[in-house]
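Note sheet for the following structure.
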Amino acid sequence: QVQLVESGGGSVQPGGSLRLSCVASGFTFSRATMSWLRQAPGKAREFVARITSNSITIYDDAVKGRFTLSRDNAENTLYLQMNSLKPEDSAVYYCQLDPTNGIPPYWGKGTPVTVSS
């Protein structure tokens with residue numbers, strides 16, 4: 001079955017950096033489009049970034065230029081490098097296997113990120 005396990009979250013001061021990881025199993029990772037979403041307390045889950053099977057990336061305007069999404073198909077791992085973090089980046093970050101061919105999306109349990117001075 002599909003499993004997505006996020007890690008790398010934590011507490012950091014504004015301007016700091018974190019790298020999130022998502023280890024995937026139960027499907028052919030190299031062929032999958034993957035995304036990161038985030039959800040702040042009291043807010044809806046929102047799109048952060050997406051990477052296709054051929055490593056084309058798309059970013060939400062709020063993170064463009066600060067976050068970098070990458071993948072290691074040999075390790076079945078998705079990465080999100082987050083630089084110049086802002087308090088408004090604080091949220092639980094979720095790795096998503098994007099829906100395809102009638103198959104619904106899957107998410108991990110998330111990893112929390114807190115940006116505060």
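Here, A, B, ... name the chains of the structure tokens in the order displayed, residue numbers run from 1 inside each chain, and ligands are numbered from 1 in the same displayed order.
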
- prompt: Can you list, as a PyMOL selection string, every protein, DNA or RNA residue that comes within 8 Å of stretch 32-39 of chain A when you count only C-alpha atoms, leaving out same-chain residues fewer than 4 positions away?
  reply: chain A and resi 28+43-53+78+80+91-98

Kindly export the residues of the current selection with N, CA and C atoms, as an mmCIF file, in the first residue's frame.
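See out27.cif below for the written result:
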data_model
loop_
_atom_site.group_PDB
_atom_site.id
_atom_site.type_symbol
_atom_site.label_atom_id
_atom_site.label_comp_id
_atom_site.auth_asym_id
_atom_site.auth_seq_id
_atom_site.Cartn_x
_atom_site.Cartn_y
_atom_site.Cartn_z
ATOM 1 N N THR A 28 5.284 3.145 -7.817
ATOM 2 C CA THR A 28 6.473 3.436 -8.626
ATOM 3 C C THR A 28 6.778 4.928 -8.527
ATOM 4 N N LYS A 43 -6.624 27.156 9.099
ATOM 5 C CA LYS A 43 -6.672 27.459 7.668
ATOM 6 C C LYS A 43 -6.800 26.188 6.848
ATOM 7 N N ALA A 44 -7.222 26.358 5.601
ATOM 8 C CA ALA A 44 -7.334 25.218 4.702
ATOM 9 C C ALA A 44 -5.950 24.759 4.245
ATOM 10 N N ARG A 45 -5.864 23.490 3.874
ATOM 11 C CA ARG A 45 -4.610 22.982 3.323
ATOM 12 C C ARG A 45 -4.357 23.678 1.987
ATOM 13 N N GLU A 46 -3.114 24.057 1.738
ATOM 14 C CA GLU A 46 -2.797 24.793 0.517
ATOM 15 C C GLU A 46 -1.588 24.204 -0.195
ATOM 16 N N PHE A 47 -1.571 24.409 -1.489
ATOM 17 C CA PHE A 47 -0.495 23.931 -2.351
ATOM 18 C C PHE A 47 0.784 24.718 -2.097
ATOM 19 N N VAL A 48 1.906 23.996 -2.080
ATOM 20 C CA VAL A 48 3.207 24.638 -1.945
ATOM 21 C C VAL A 48 4.032 24.478 -3.231
ATOM 22 N N ALA A 49 4.202 23.224 -3.664
ATOM 23 C CA ALA A 49 5.044 22.974 -4.829
ATOM 24 C C ALA A 49 4.740 21.588 -5.383
ATOM 25 N N ARG A 50 5.071 21.406 -6.652
ATOM 26 C CA ARG A 50 4.826 20.132 -7.338
ATOM 27 C C ARG A 50 6.020 19.802 -8.219
ATOM 28 N N ILE A 51 6.298 18.495 -8.334
ATOM 29 C CA ILE A 51 7.356 18.035 -9.232
ATOM 30 C C ILE A 51 6.838 16.855 -10.035
ATOM 31 N N THR A 52 7.048 16.906 -11.338
ATOM 32 C CA THR A 52 6.580 15.824 -12.195
ATOM 33 C C THR A 52 7.606 14.703 -12.251
ATOM 34 N N SER A 53 7.266 13.646 -12.954
ATOM 35 C CA SER A 53 8.167 12.508 -13.069
ATOM 36 C C SER A 53 9.459 12.876 -13.792
ATOM 37 N N LEU A 78 11.474 12.435 -1.705
ATOM 38 C CA LEU A 78 11.150 13.789 -2.150
ATOM 39 C C LEU A 78 11.724 14.763 -1.127
ATOM 40 N N LEU A 80 12.173 18.999 0.118
ATOM 41 C CA LEU A 80 11.775 20.398 0.001
ATOM 42 C C LEU A 80 12.769 21.222 0.809
ATOM 43 N N ALA A 91 3.427 25.876 9.555
ATOM 44 C CA ALA A 91 2.317 24.996 9.181
ATOM 45 C C ALA A 91 2.767 23.557 9.353
ATOM 46 N N VAL A 92 1.829 22.653 9.224
ATOM 47 C CA VAL A 92 2.180 21.245 9.055
ATOM 48 C C VAL A 92 2.326 21.005 7.556
ATOM 49 N N TYR A 93 3.443 20.425 7.169
ATOM 50 C CA TYR A 93 3.740 20.187 5.757
ATOM 51 C C TYR A 93 3.485 18.720 5.421
ATOM 52 N N TYR A 94 2.749 18.526 4.338
ATOM 53 C CA TYR A 94 2.351 17.189 3.914
ATOM 54 C C TYR A 94 2.927 16.876 2.538
ATOM 55 N N CYS A 95 3.415 15.679 2.411
ATOM 56 C CA CYS A 95 3.823 15.139 1.130
ATOM 57 C C CYS A 95 2.604 14.498 0.481
ATOM 58 N N GLN A 96 2.414 14.708 -0.812
ATOM 59 C CA GLN A 96 1.250 14.160 -1.506
ATOM 60 C C GLN A 96 1.649 13.407 -2.757
ATOM 61 N N LEU A 97 1.110 12.204 -2.907
ATOM 62 C CA LEU A 97 1.131 11.517 -4.200
ATOM 63 C C LEU A 97 -0.069 12.062 -4.963
ATOM 64 N N ASP A 98 0.202 12.769 -6.048
ATOM 65 C CA ASP A 98 -0.878 13.431 -6.763
ATOM 66 C C ASP A 98 -1.835 12.414 -7.391
#

message: Report as a list in words all protein, DNA and RNA residues lying within 10 Å of stretch 83-85 of chain A, evaluated on only C-alpha atoms, omitting residues in the same chain fewer than 2 positions from it.
response: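 My reading of the contact set: Val12, Gln13, Pro14, Gly15, Gly16, Ser17, Leu18, Arg19, Val63, Gly65, Arg66, Phe67, Thr68, Leu80, Gln81, Pro87, Glu88, Asp89, Ser90, Val113, Thr114, Val115 and Ser116 of chain A.
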
message: For the strand (DSSP E or B) assignment from backbone DSSP, which residues of stretch 14-101 of chain A qualify? Please present them as an MDAnalysis selection string.
response: chainID A and resid 18:25 34:39 46:51 57:59 67:72 77:82 91:97 100

field: Which of chain A DSSP labels helix (DSSP H, G or I), written as number ranges by chain
entry: A: 29-31, 87-89
